[in-house]
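Student: What follows is data18.csv, made up of CSV, all heavy atoms:
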chain,number,residue,atom,x,y,z
A,478,MET,N,-6.9,10.7,7.7
A,478,MET,CA,-7.3,9.8,6.7
A,478,MET,C,-7.7,10.5,5.4
A,478,MET,O,-7.7,9.9,4.3
A,478,MET,CB,-8.4,8.9,7.2
A,478,MET,CG,-8.5,7.6,6.4
A,478,MET,SD,-7.0,6.7,6.3
A,478,MET,CE,-7.5,5.1,7.0
A,479,ALA,N,-8.1,11.8,5.5
A,479,ALA,CA,-8.5,12.5,4.3
A,479,ALA,C,-7.3,12.6,3.3
A,479,ALA,O,-7.6,12.6,2.1
A,479,ALA,CB,-8.9,13.9,4.7
A,480,ASP,N,-6.1,12.7,3.8
A,480,ASP,CA,-5.0,12.7,2.9
A,480,ASP,C,-4.8,11.4,2.1
A,480,ASP,O,-4.5,11.5,0.9
A,480,ASP,CB,-3.7,13.0,3.6
A,480,ASP,CG,-3.6,14.4,4.2
A,480,ASP,OD1,-4.3,15.3,3.7
A,480,ASP,OD2,-2.9,14.6,5.2
A,481,VAL,N,-5.1,10.3,2.7
A,481,VAL,CA,-5.0,9.0,2.0
A,481,VAL,C,-6.1,9.0,0.9
A,481,VAL,O,-5.9,8.5,-0.2
A,481,VAL,CB,-5.2,7.9,3.0
A,481,VAL,CG1,-5.3,6.5,2.3
A,481,VAL,CG2,-4.0,7.9,4.0
A,482,ALA,N,-7.3,9.4,1.3
A,482,ALA,CA,-8.4,9.4,0.3
A,482,ALA,C,-8.0,10.3,-0.9
A,482,ALA,O,-8.3,10.0,-2.1
A,482,ALA,CB,-9.7,9.9,0.9
A,483,ALA,N,-7.4,11.5,-0.6
A,483,ALA,CA,-7.0,12.4,-1.7
A,483,ALA,C,-5.9,11.7,-2.6
A,483,ALA,O,-6.0,11.8,-3.8
A,483,ALA,CB,-6.5,13.7,-1.1
A,484,ARG,N,-5.0,11.0,-1.9
A,484,ARG,CA,-3.9,10.4,-2.6
A,484,ARG,C,-4.5,9.3,-3.5
A,484,ARG,O,-4.1,9.1,-4.6
A,484,ARG,CB,-2.9,9.8,-1.7
A,484,ARG,CG,-1.7,9.1,-2.3
A,484,ARG,CD,-0.9,10.0,-3.2
A,484,ARG,NE,-0.6,11.2,-2.5
A,484,ARG,CZ,0.6,11.8,-2.7
A,484,ARG,NH1,1.5,11.4,-3.6
A,484,ARG,NH2,0.8,12.9,-2.0
A,485,ARG,N,-5.4,8.5,-3.0
A,485,ARG,CA,-6.1,7.4,-3.7
A,485,ARG,C,-6.7,8.0,-5.0
A,485,ARG,O,-6.6,7.4,-6.1
A,485,ARG,CB,-7.1,6.7,-2.8
A,485,ARG,CG,-7.8,5.6,-3.6
A,485,ARG,CD,-8.7,4.9,-2.6
A,485,ARG,NE,-9.8,4.3,-3.4
A,485,ARG,CZ,-11.1,4.3,-3.2
A,485,ARG,NH1,-11.5,4.8,-2.1
A,485,ARG,NH2,-11.9,3.7,-4.0
A,486,LYS,N,-7.5,9.1,-4.8
A,486,LYS,CA,-8.1,9.7,-6.0
A,486,LYS,C,-7.1,10.2,-7.0
A,486,LYS,O,-7.3,10.0,-8.2
A,486,LYS,CB,-9.0,10.8,-5.5
A,486,LYS,CG,-9.7,11.5,-6.7
A,486,LYS,CD,-10.7,12.6,-6.3
A,486,LYS,CE,-11.4,13.2,-7.4
A,486,LYS,NZ,-10.9,13.1,-8.8
A,487,GLU,N,-6.0,10.8,-6.5
A,487,GLU,CA,-5.0,11.3,-7.4
A,487,GLU,C,-4.4,10.1,-8.2
A,487,GLU,O,-4.2,10.2,-9.4
A,487,GLU,CB,-3.9,12.0,-6.6
A,487,GLU,CG,-2.7,12.5,-7.4
A,487,GLU,CD,-1.6,13.0,-6.6
A,487,GLU,OE1,-1.9,13.5,-5.5
A,487,GLU,OE2,-0.5,12.9,-7.0
A,488,LEU,N,-4.1,9.0,-7.5
A,488,LEU,CA,-3.5,7.9,-8.2
A,488,LEU,C,-4.5,7.2,-9.2
A,488,LEU,O,-4.1,6.9,-10.3
A,488,LEU,CB,-3.1,6.8,-7.2
A,488,LEU,CG,-1.9,7.2,-6.3
A,488,LEU,CD1,-1.7,6.2,-5.2
A,488,LEU,CD2,-0.6,7.4,-7.1
A,489,ALA,N,-5.8,7.2,-8.8
A,489,ALA,CA,-6.8,6.6,-9.7
A,489,ALA,C,-6.9,7.5,-11.0
A,489,ALA,O,-7.1,7.0,-12.1
A,489,ALA,CB,-8.1,6.5,-9.0
A,490,ASP,N,-6.9,8.8,-10.8
A,490,ASP,CA,-6.9,9.7,-11.9
A,490,ASP,C,-5.8,9.5,-12.9
A,490,ASP,O,-5.9,9.8,-14.1
A,490,ASP,CB,-7.0,11.2,-11.4
A,490,ASP,CG,-8.3,11.5,-10.7
A,490,ASP,OD1,-9.3,10.8,-10.8
A,490,ASP,OD2,-8.3,12.6,-10.1
A,491,ARG,N,-4.6,9.0,-12.4
A,491,ARG,CA,-3.5,8.8,-13.2
A,491,ARG,C,-3.5,7.4,-13.8
A,491,ARG,O,-2.5,7.0,-14.5
A,491,ARG,CB,-2.2,9.0,-12.4
A,491,ARG,CG,-2.0,10.4,-12.0
A,491,ARG,CD,-0.7,10.6,-11.2
A,491,ARG,NE,-0.5,12.0,-10.8
A,491,ARG,CZ,0.7,12.5,-10.6
A,491,ARG,NH1,1.7,11.7,-10.7
A,491,ARG,NH2,0.8,13.7,-10.3
A,492,GLY,N,-4.5,6.6,-13.5
A,492,GLY,CA,-4.6,5.3,-14.1
A,492,GLY,C,-4.0,4.2,-13.3
A,492,GLY,O,-3.9,3.0,-13.7
A,493,VAL,N,-3.5,4.4,-12.0
A,493,VAL,CA,-2.9,3.4,-11.2
A,493,VAL,C,-4.0,2.5,-10.7
A,493,VAL,O,-5.1,2.9,-10.3
A,493,VAL,CB,-2.2,4.1,-10.0
A,493,VAL,CG1,-1.7,3.0,-9.0
A,493,VAL,CG2,-1.1,5.0,-10.5
A,494,GLU,N,-3.7,1.2,-10.8
A,494,GLU,CA,-4.7,0.2,-10.4
A,494,GLU,C,-4.3,-0.6,-9.1
A,494,GLU,O,-5.1,-1.1,-8.4
A,494,GLU,CB,-4.9,-0.9,-11.5
A,494,GLU,CG,-5.6,-0.2,-12.8
A,494,GLU,CD,-5.8,-1.3,-13.8
A,494,GLU,OE1,-6.0,-2.4,-13.5
A,494,GLU,OE2,-5.8,-0.9,-15.0
A,495,PHE,N,-3.0,-0.7,-8.9
A,495,PHE,CA,-2.4,-1.5,-7.8
A,495,PHE,C,-1.4,-0.7,-7.1
A,495,PHE,O,-0.7,0.1,-7.7
A,495,PHE,CB,-1.9,-2.8,-8.2
A,495,PHE,CG,-2.9,-3.7,-8.9
A,495,PHE,CD1,-3.1,-3.7,-10.3
A,495,PHE,CD2,-3.7,-4.5,-8.1
A,495,PHE,CE1,-4.0,-4.5,-10.9
A,495,PHE,CE2,-4.6,-5.3,-8.7
A,495,PHE,CZ,-4.8,-5.3,-10.1
A,496,VAL,N,-1.2,-0.9,-5.8
A,496,VAL,CA,-0.1,-0.3,-5.0
A,496,VAL,C,0.6,-1.4,-4.3
A,496,VAL,O,0.1,-2.5,-4.0
A,496,VAL,CB,-0.6,0.8,-4.0
A,496,VAL,CG1,-1.1,2.0,-4.8
A,496,VAL,CG2,-1.7,0.2,-3.1
A,497,PHE,N,1.9,-1.2,-3.9
A,497,PHE,CA,2.6,-2.1,-3.1
A,497,PHE,C,2.9,-1.5,-1.7
A,497,PHE,O,3.4,-0.4,-1.6
A,497,PHE,CB,4.0,-2.4,-3.8
A,497,PHE,CG,3.9,-3.4,-4.9
A,497,PHE,CD1,3.6,-2.9,-6.2
A,497,PHE,CD2,4.1,-4.7,-4.7
A,497,PHE,CE1,3.5,-3.8,-7.2
A,497,PHE,CE2,4.0,-5.6,-5.8
A,497,PHE,CZ,3.7,-5.2,-7.0
A,498,GLY,N,2.6,-2.3,-0.7
A,498,GLY,CA,3.0,-2.0,0.6
A,498,GLY,C,4.2,-2.9,0.9
A,498,GLY,O,4.3,-4.0,0.4
A,499,PHE,N,5.2,-2.3,1.7
A,499,PHE,CA,6.4,-3.1,1.9
A,499,PHE,C,7.0,-2.9,3.3
A,499,PHE,O,6.6,-1.9,4.0
A,499,PHE,CB,7.5,-2.9,0.9
A,499,PHE,CG,8.2,-1.6,1.0
A,499,PHE,CD1,9.4,-1.5,1.7
A,499,PHE,CD2,7.6,-0.4,0.5
A,499,PHE,CE1,10.0,-0.3,1.9
A,499,PHE,CE2,8.3,0.8,0.6
A,499,PHE,CZ,9.5,0.9,1.3
A,500,TYR,N,7.8,-3.8,3.8
A,500,TYR,CA,8.6,-3.6,5.0
A,500,TYR,C,9.9,-4.4,4.8
A,500,TYR,O,10.0,-5.2,3.8
A,500,TYR,CB,7.8,-4.1,6.2
A,500,TYR,CG,7.6,-5.6,6.3
A,500,TYR,CD1,8.5,-6.4,7.0
A,500,TYR,CD2,6.6,-6.2,5.7
A,500,TYR,CE1,8.4,-7.8,7.1
A,500,TYR,CE2,6.4,-7.6,5.7
A,500,TYR,CZ,7.3,-8.4,6.4
A,500,TYR,OH,7.2,-9.7,6.5
A,501,VAL,N,10.8,-4.2,5.6
A,501,VAL,CA,12.1,-4.9,5.6
A,501,VAL,C,12.1,-5.8,6.8
A,501,VAL,O,11.9,-5.4,7.9
A,501,VAL,CB,13.3,-4.0,5.6
A,501,VAL,CG1,14.6,-4.7,5.6
A,501,VAL,CG2,13.2,-3.0,4.4
A,502,ASP,N,12.4,-7.1,6.6
A,502,ASP,CA,12.3,-8.1,7.7
A,502,ASP,C,13.6,-7.9,8.6
A,502,ASP,O,14.5,-7.1,8.2
A,502,ASP,CB,12.1,-9.5,7.2
A,502,ASP,CG,13.2,-10.1,6.5
A,502,ASP,OD1,14.3,-9.6,6.5
A,502,ASP,OD2,13.0,-11.2,5.9
A,503,VAL,N,13.7,-8.7,9.6
A,503,VAL,CA,14.8,-8.6,10.6
A,503,VAL,C,16.1,-9.0,9.9
A,503,VAL,O,17.2,-8.7,10.5
A,503,VAL,CB,14.6,-9.4,11.8
A,503,VAL,CG1,13.4,-8.9,12.6
A,503,VAL,CG2,14.4,-10.9,11.5
A,504,HIS,N,16.1,-9.7,8.8
A,504,HIS,CA,17.3,-10.1,8.1
A,504,HIS,C,17.7,-9.1,7.0
A,504,HIS,O,18.7,-9.3,6.2
A,504,HIS,CB,17.1,-11.5,7.5
A,504,HIS,CG,16.8,-12.5,8.5
A,504,HIS,ND1,17.7,-12.9,9.4
A,504,HIS,CD2,15.7,-13.2,8.7
A,504,HIS,CE1,17.1,-13.8,10.2
A,504,HIS,NE2,15.9,-14.0,9.8
A,505,GLY,N,16.9,-8.0,6.9
A,505,GLY,CA,17.2,-7.0,5.9
A,505,GLY,C,16.7,-7.3,4.5
A,505,GLY,O,17.0,-6.6,3.5
A,506,VAL,N,15.8,-8.2,4.4
A,506,VAL,CA,15.2,-8.6,3.1
A,506,VAL,C,13.8,-7.9,3.0
A,506,VAL,O,13.0,-8.0,3.8
A,506,VAL,CB,14.9,-10.1,3.1
A,506,VAL,CG1,14.3,-10.5,1.7
A,506,VAL,CG2,16.2,-10.9,3.2
A,507,PRO,N,13.7,-7.1,1.9
A,507,PRO,CA,12.4,-6.4,1.7
A,507,PRO,C,11.3,-7.4,1.3
A,507,PRO,O,11.5,-8.3,0.6
A,507,PRO,CB,12.7,-5.4,0.5
A,507,PRO,CG,13.9,-5.9,-0.1
A,507,PRO,CD,14.7,-6.8,0.9
A,508,LYS,N,10.1,-7.2,1.9
A,508,LYS,CA,9.0,-8.0,1.6
A,508,LYS,C,7.9,-7.0,1.1
A,508,LYS,O,7.8,-5.9,1.6
A,508,LYS,CB,8.5,-8.7,2.9
A,508,LYS,CG,9.5,-9.5,3.6
A,508,LYS,CD,9.8,-10.7,2.8
A,508,LYS,CE,10.9,-11.6,3.6
A,508,LYS,NZ,11.1,-12.8,3.1
A,509,SER,N,7.1,-7.4,0.2
A,509,SER,CA,6.0,-6.5,-0.3
A,509,SER,C,4.8,-7.3,-0.6
A,509,SER,O,4.8,-8.5,-0.7
A,509,SER,CB,6.5,-5.8,-1.6
A,509,SER,OG,6.7,-6.7,-2.6
A,510,LYS,N,3.7,-6.6,-0.8
A,510,LYS,CA,2.4,-7.1,-1.0
A,510,LYS,C,1.7,-6.2,-2.0
A,510,LYS,O,1.6,-5.0,-1.7
A,510,LYS,CB,1.6,-7.3,0.3
A,510,LYS,CG,0.3,-7.9,0.1
A,510,LYS,CD,-0.3,-8.1,1.5
A,510,LYS,CE,-1.6,-8.9,1.5
A,510,LYS,NZ,-2.2,-9.1,2.8
A,511,CYS,N,1.2,-6.7,-3.1
A,511,CYS,CA,0.4,-5.9,-4.1
A,511,CYS,C,-1.0,-6.0,-3.7
A,511,CYS,O,-1.6,-7.1,-3.6
A,511,CYS,CB,0.7,-6.5,-5.5
A,511,CYS,SG,-0.1,-5.6,-6.8
A,512,VAL,N,-1.7,-4.8,-3.7
A,512,VAL,CA,-3.1,-4.8,-3.3
A,512,VAL,C,-3.8,-3.8,-4.3
A,512,VAL,O,-3.1,-2.9,-4.9
A,512,VAL,CB,-3.4,-4.3,-1.9
A,512,VAL,CG1,-2.8,-5.3,-0.9
A,512,VAL,CG2,-2.8,-2.9,-1.6
A,513,PRO,N,-5.1,-4.0,-4.6
A,513,PRO,CA,-5.8,-3.0,-5.4
A,513,PRO,C,-5.8,-1.6,-4.8
A,513,PRO,O,-5.8,-1.5,-3.6
A,513,PRO,CB,-7.2,-3.6,-5.5
A,513,PRO,CG,-7.1,-5.0,-5.0
A,513,PRO,CD,-5.9,-5.1,-4.1
A,514,LEU,N,-5.8,-0.6,-5.7
A,514,LEU,CA,-5.8,0.7,-5.2
A,514,LEU,C,-7.0,1.0,-4.3
A,514,LEU,O,-6.8,1.8,-3.3
A,514,LEU,CB,-5.8,1.7,-6.4
A,514,LEU,CG,-5.8,3.2,-6.1
A,514,LEU,CD1,-4.5,3.5,-5.3
A,514,LEU,CD2,-5.9,4.0,-7.3
A,515,ALA,N,-8.1,0.4,-4.5
A,515,ALA,CA,-9.2,0.6,-3.6
A,515,ALA,C,-8.9,0.2,-2.2
A,515,ALA,O,-9.6,0.7,-1.2
A,515,ALA,CB,-10.4,-0.2,-4.1
A,516,SER,N,-7.9,-0.6,-1.9
A,516,SER,CA,-7.6,-1.0,-0.6
A,516,SER,C,-6.6,-0.1,0.1
A,516,SER,O,-6.2,-0.3,1.2
A,516,SER,CB,-7.0,-2.4,-0.6
A,516,SER,OG,-7.9,-3.4,-1.0
A,517,LEU,N,-6.2,1.0,-0.6
A,517,LEU,CA,-5.1,1.9,0.0
A,517,LEU,C,-5.5,2.5,1.3
A,517,LEU,O,-4.7,2.4,2.3
A,517,LEU,CB,-4.8,3.0,-1.0
A,517,LEU,CG,-3.8,4.0,-0.6
A,517,LEU,CD1,-2.4,3.3,-0.3
A,517,LEU,CD2,-3.6,5.1,-1.6
A,518,PRO,N,-6.8,3.0,1.5
A,518,PRO,CA,-7.1,3.5,2.9
A,518,PRO,C,-7.0,2.4,4.0
A,518,PRO,O,-6.5,2.7,5.1
A,518,PRO,CB,-8.5,4.0,2.7
A,518,PRO,CG,-8.7,4.3,1.3
A,518,PRO,CD,-7.8,3.2,0.6
A,519,ALA,N,-7.4,1.2,3.7
A,519,ALA,CA,-7.3,0.2,4.7
A,519,ALA,C,-5.9,-0.2,5.0
A,519,ALA,O,-5.5,-0.5,6.1
A,519,ALA,CB,-8.2,-1.0,4.3
A,520,MET,N,-5.1,-0.3,3.9
A,520,MET,CA,-3.7,-0.6,4.0
A,520,MET,C,-3.0,0.5,4.8
A,520,MET,O,-2.2,0.1,5.7
A,520,MET,CB,-3.0,-0.7,2.6
A,520,MET,CG,-1.6,-1.2,2.7
A,520,MET,SD,-0.9,-1.5,1.1
A,520,MET,CE,-0.7,0.2,0.4
A,521,ALA,N,-3.3,1.7,4.6
A,521,ALA,CA,-2.6,2.8,5.3
A,521,ALA,C,-3.0,2.8,6.8
A,521,ALA,O,-2.3,3.2,7.7
A,521,ALA,CB,-3.0,4.2,4.7
A,522,ALA,N,-4.2,2.2,7.1
A,522,ALA,CA,-4.6,2.1,8.5
A,522,ALA,C,-4.1,0.9,9.2
A,522,ALA,O,-4.3,0.6,10.4
A,522,ALA,CB,-6.2,2.1,8.6
A,523,GLY,N,-3.3,0.0,8.5
A,523,GLY,CA,-2.7,-1.1,9.0
A,523,GLY,C,-3.4,-2.5,8.8
A,523,GLY,O,-3.0,-3.5,9.5
A,524,SER,N,-4.3,-2.6,7.9
A,524,SER,CA,-5.1,-3.8,7.7
A,524,SER,C,-4.3,-4.9,7.0
A,524,SER,O,-4.8,-6.0,6.9
A,524,SER,CB,-6.4,-3.5,7.1
A,524,SER,OG,-6.1,-3.3,5.7
A,525,GLU,N,-3.2,-4.6,6.3
A,525,GLU,CA,-2.6,-5.6,5.5
A,525,GLU,C,-1.7,-6.5,6.2
A,525,GLU,O,-0.9,-7.3,5.7
A,525,GLU,CB,-1.8,-4.9,4.3
A,525,GLU,CG,-2.7,-4.1,3.4
A,525,GLU,CD,-3.8,-5.0,2.8
A,525,GLU,OE1,-3.5,-6.2,2.4
A,525,GLU,OE2,-4.9,-4.5,2.7
A,526,LEU,N,-1.7,-6.4,7.5
A,526,LEU,CA,-1.0,-7.4,8.4
A,526,LEU,C,0.5,-7.5,8.1
A,526,LEU,O,1.0,-8.6,7.9
A,526,LEU,CB,-1.7,-8.7,8.4
A,526,LEU,CG,-3.2,-8.7,8.7
A,526,LEU,CD1,-3.8,-10.1,8.5
A,526,LEU,CD2,-3.4,-8.2,10.1
A,527,TYR,N,1.2,-6.4,8.2
A,527,TYR,CA,2.6,-6.5,8.1
A,527,TYR,C,3.4,-6.6,9.4
A,527,TYR,O,4.5,-6.5,9.5
A,527,TYR,CB,3.2,-5.2,7.4
A,527,TYR,CG,2.8,-5.2,5.9
A,527,TYR,CD1,1.8,-4.3,5.4
A,527,TYR,CD2,3.4,-6.0,5.0
A,527,TYR,CE1,1.5,-4.2,4.1
A,527,TYR,CE2,3.0,-6.0,3.7
A,527,TYR,CZ,2.1,-5.1,3.2
A,527,TYR,OH,1.8,-5.1,1.9
A,528,THR,N,2.6,-6.9,10.4
A,528,THR,CA,3.2,-7.1,11.7
A,528,THR,C,4.1,-8.3,11.8
A,528,THR,O,3.7,-9.4,11.4
A,528,THR,CB,2.1,-7.2,12.8
A,528,THR,OG1,1.2,-6.1,12.7
A,528,THR,CG2,2.7,-7.2,14.2
A,529,VAL,N,5.3,-8.1,12.2
A,529,VAL,CA,6.3,-9.3,12.3
A,529,VAL,C,6.4,-9.7,13.7
A,529,VAL,O,6.2,-9.0,14.6
A,529,VAL,CB,7.6,-8.9,11.6
A,529,VAL,CG1,7.5,-8.9,10.1
A,529,VAL,CG2,8.1,-7.6,12.1
As a first step, turn the structure in this file into structure tokens.
Tutor:
Amino acid sequence: MADVAARRKELADRGVEFVFGFYVDVHGVPKSKCVPLASLPAMAAGSELYTV
């Protein structure tokens, strides 16, 4: 998880405010969700509920 925290800091230092998590559904259609950069560690741990 330390790598995620480092990546979050790097992105924040570059002025990034939001990130997109995505997956491709069973029909091949990409789905995404925009979340605040502060949520990146939780998103990387699986909290954004992309389970299909």
Student: Among chain A, which residues does DSSP mark as strand (DSSP E) when it is run on the backbone? Keep the chain and numbering as in the structure and answer as a ChimeraX atom specification.
Tutor: /A:495-501,507-513
Student: Would you please give, as a list in words, all residues of chain A that DSSP assigns to alpha helix (DSSP H) based on the backbone?
Tutor: Ala479, Asp480, Val481, Ala482, Ala483, Arg484, Arg485, Lys486, Glu487, Leu488, Ala489, Asp490, Leu517, Pro518, Ala519, Met520 and Ala521 of chain A
Student: One decimal, in Å: what's the spacing between atom CZ of A:Tyr500 and atom CB of A:Val481?
Tutor: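 Separation between atom CZ of A:Tyr500 and atom CB of A:Val481: 20.8 Å.
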Student: As an exercise, work out the distance from atom CG2 of A:Val496 to atom O of A:Arg484 in Å and give it to one decimal place.
Tutor: 9.3 Å
Student: Atom CA of A:Pro518 and atom CD of A:Glu487 are how many Å apart?
Tutor: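 For atom CA of A:Pro518 relative to atom CD of A:Glu487, the distance reads 14.5 Å.
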